[in-house]
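Student: Structure provided below as structure tokens; questions to follow.
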Amino acid sequence: MSKRSVSMAAMFVALAMILGRLTGLFRVLGLATVLGVSHANDLAILVISVPDILNAMLIGGAMAAVLVPEMHRRAQDVSEQQANQLIVQTFFAVAGVSSMLALILAMCSTWFTQILASGFTPFEISQASRLIMIVLLAFPISAVTAVTSAVLQGHHKPTIPAYGNLFFNVILIAAIFLWVTPDQIEVLAWAVVAAVSFRLLTQLISCYFIGAFRGGFDSLSRFATLNRALMMKYLQALTAIGLVVAFPVVSRSFASAYEGGISLFEYAQKLVELPRGLFGAILTMVIFPRLSRTFSEGNAGDSSKLISQAAGLILLITIPVTVAVYGCAEPVVALLFERGMFSAEDAANTARLLQIAIMSMPALILSILTMDIFYSRHETIIPFKISLLSLVCLIVLSLVLRASMGISGIMLAFVVTSWIHFLGLTLALHLKLNVSVIEGVAFKHCAALILLMVTGLLFSAMMIKMVAEPVLLIVYSGMLGLLCFGAVLVILKNHLPRFNRKLSL
């Protein structure tokens, strides 16, 4: 695949993800307007998130990490038909397993709800479990969508999967503004089922037209291509990615002990998810397939160049955004959310959580890149071990910091764990695989980047106390972010040779 075509694919995916993330933000704004910070909104957030949480933890998160490299290997070493048989057999296997899991979870819905919202009262758990039983219908549909999405990524057709979030959010936004009320959350559960069904349909049509199923139904009953080695890699990758997905789920479960805690946590996280989701989609849908192919071809030079450029671009964007958002968190939250049922006090509480949450953004996005490097090298056990240790750290830190800082302590525990996870992955890459996330940048340059971000945050904190006018605070925060952008760019251009040329992802 040429550099030009990869760049065009990245552009279309970026556009799709921007639209998807913006509509996701509009969806959250709609919930804030209609339901505010309330138990009803906590229920709505649980209903929307359950299928994607299950998909990422139990099926989908590892699908691209294992299926895409294996598709490339079989198409190159055996035949295209063998790759297509792998696709079809995986589709039906995932459909069967996810349906069985959905049935089991529906039978244990009360227990499952207690895990997702440990702070709910028995009555609230009973109320939520009835809604979760409905939305569990969407889980098998969402699970097989992970297969079709991985197939399209492997064929360098990431645009339709990238628009999946847009389709999903538009349907939910319509339901929220037309039918959802504090007493009608059930409507939202059925809207989730309809939205994931439409998303799957669009991807099935795309897979058919690119010939991904051609010859794939041969030997379907024997499931010959799903060998033990492939299943072990999948289970390891599944567990590692599932543990990472569990980070915000665990934090949100701790936050459920506070009135409207899930809502506050979700509002703050959604603003962090906007840039994280954009970069994550580009890394997973565009860069990961190319990285997988270059490693399989033994082209270490191109792989190193791609990794360094991606990491440099992530730092160039995330450090200035972190500094700018920290400074103008409260006026931005007030501007976006403060209407309808969402009060000024809710805006202030959300802004305080956002100021903490935004500090995790560089680590969250860089972690996606480091895990993609592991999976493109067919290494799954190391990310699993690091993710497991990080999850233990999250639970311990949440318990400790919650006692002294309340819900802010839970968010701080999430931030600290995100950095521990990224640093652990980076160190393991260097020691085990001899791969540098940013080749050419020494420790002192990394320290300079960290010092730059910390200094920018300190200036933002001082500016918050000195500037009372919201508009001026936004302007000054933006200017400070631009200064950080220039400083990061200078460091990267001077010390990262591969970044000094035209970026060609």
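Simple scheme: letters A, B, ... for chains in structure tokens order, numbers from 1 for residues in each chain, numbers from 1 for ligands in the order shown.
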Just want the 8 Å neighbourhood of Val88 in chain A, counted on only C-alpha atoms, with same-chain residues fewer than 4 positions away dropped. Output as a PDB file with N, CA and C atoms, in the first residue's frame.
Tutor:
ATOM      1  N   ASN A  84      -9.872 -16.154   3.899  1.00  0.00           N
ATOM      2  CA  ASN A  84     -11.323 -15.935   3.941  1.00  0.00           C
ATOM      3  C   ASN A  84     -12.023 -16.982   4.802  1.00  0.00           C
ATOM      4  N   PHE A  92     -18.586 -16.871  12.832  1.00  0.00           N
ATOM      5  CA  PHE A  92     -19.582 -17.749  13.436  1.00  0.00           C
ATOM      6  C   PHE A  92     -19.179 -18.194  14.844  1.00  0.00           C
ATOM      7  N   PHE A 213     -15.670 -12.737   1.946  1.00  0.00           N
ATOM      8  CA  PHE A 213     -16.324 -14.007   2.240  1.00  0.00           C
ATOM      9  C   PHE A 213     -16.174 -15.021   1.103  1.00  0.00           C
ATOM     10  N   GLY A 216     -15.018 -18.561   1.662  1.00  0.00           N
ATOM     11  CA  GLY A 216     -14.835 -18.699   3.097  1.00  0.00           C
ATOM     12  C   GLY A 216     -15.741 -19.710   3.752  1.00  0.00           C
ATOM     13  N   PHE A 217     -16.828 -20.101   3.069  1.00  0.00           N
ATOM     14  CA  PHE A 217     -17.776 -21.044   3.666  1.00  0.00           C
ATOM     15  C   PHE A 217     -17.381 -22.502   3.405  1.00  0.00           C
ATOM     16  N   LEU A 220     -16.686 -25.139   6.458  1.00  0.00           N
ATOM     17  CA  LEU A 220     -17.162 -24.360   7.604  1.00  0.00           C
ATOM     18  C   LEU A 220     -17.423 -25.237   8.821  1.00  0.00           C
TER      19      LEU A 220
END
Student: Skipping near chain neighbours, those fewer than 4 positions away, what residues fall within 8 Å of Leu29 in chain A using only C-alpha atoms, listed as number ranges by chain?
Tutor: A: 25, 33, 336-337
Student: Which residues are near Ile132 in chain A? Cut-off 12 Å, only C-alpha atoms, ignore same chain within fewer than 3 positions. Put them as a ChimeraX atom specification.
Tutor: /A:43-51,54,102-103,105-114,116-117,125-129,135-139,185-186,188-190,192-193
Student: Applying 12 Å and only C-alpha atoms, which residues near Arg252 in chain A remain after dropping the ones on its own chain fewer than 6 positions away? List them as a ChimeraX atom specification.
Tutor: /A:42,45-46,49,115-120,245-246,258,260-269,394-395,398,407-408,410-411,413-414
Student: List as a PyMOL selection string the protein and nucleic acid residues near Ala324 in chain A, meaning an atom at most 10 Å away when only C-alpha atoms are counted, but skip any in the same chain fewer than 3 places from it.
Tutor: chain A and resi 318-321+327-329+358+456-457+460+473-482+484
Student: Would you pick out the contacts of Met359 in chain A at 10 Å or less, using only C-alpha atoms, so that residues sharing its chain but fewer than 6 positions from it are not included, and give the list as a list in words?
Tutor: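 In the requested format, the answer is Val272, Thr318, Ile319, Val321, Thr322, Val323, Val325, Tyr326, Leu412, Val415, Val416, Ser418, Trp419, Met453, Val454 and Leu457 of chain A.
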Student: Next, dump the selected residues to file, keeping only C-alpha atoms, as a short mmCIF file (atom, residue, chain, number, x, y, z; two decimals), in the first residue's frame.
Tutor:
data_model
loop_
_atom_site.label_atom_id
_atom_site.label_comp_id
_atom_site.auth_asym_id
_atom_site.auth_seq_id
_atom_site.Cartn_x
_atom_site.Cartn_y
_atom_site.Cartn_z
CA VAL A 272 -10.68 13.23 27.29
CA THR A 318 -1.42 15.78 23.46
CA ILE A 319 0.99 17.87 25.54
CA VAL A 321 -3.97 20.03 24.55
CA THR A 322 -3.41 18.78 28.11
CA VAL A 323 -2.04 22.15 29.21
CA VAL A 325 -7.69 22.08 28.64
CA TYR A 326 -6.44 22.13 32.23
CA LEU A 412 -6.43 10.63 40.24
CA VAL A 415 -4.50 9.00 35.89
CA VAL A 416 -1.59 7.52 37.85
CA SER A 418 -2.57 5.17 33.02
CA TRP A 419 1.00 6.44 33.28
CA MET A 453 4.10 19.58 30.44
CA VAL A 454 4.43 19.98 34.21
CA LEU A 457 0.18 22.80 34.03
#
Student: Within 12 Å of Leu178 in chain A, counting only C-alpha atoms, which residues show up once you throw out same-chain ones fewer than 5 positions away? Write them as a PyMOL selection string, please.
Tutor: chain A and resi 30-31+34+171-173+184+187-188+191
Student: May I ask for the distance between CA of Phe91 in chain A and CA of Thr148 in chain A, given in Å to one decimal place?
Tutor: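 Those two atoms sit 7.8 Å apart.
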Student: Between A:Arg21, A:Arg402, A:Arg290, A:His155, single out the one closest to Leu274 in chain A, counting only C-alpha atoms.
Tutor: A:Arg21
Student: For a test of reading the model, state the distance in Å between CA of Thr350 in chain A and CA of Leu401 in chain A, rounded to one decimal.
Tutor: 18.2 Å
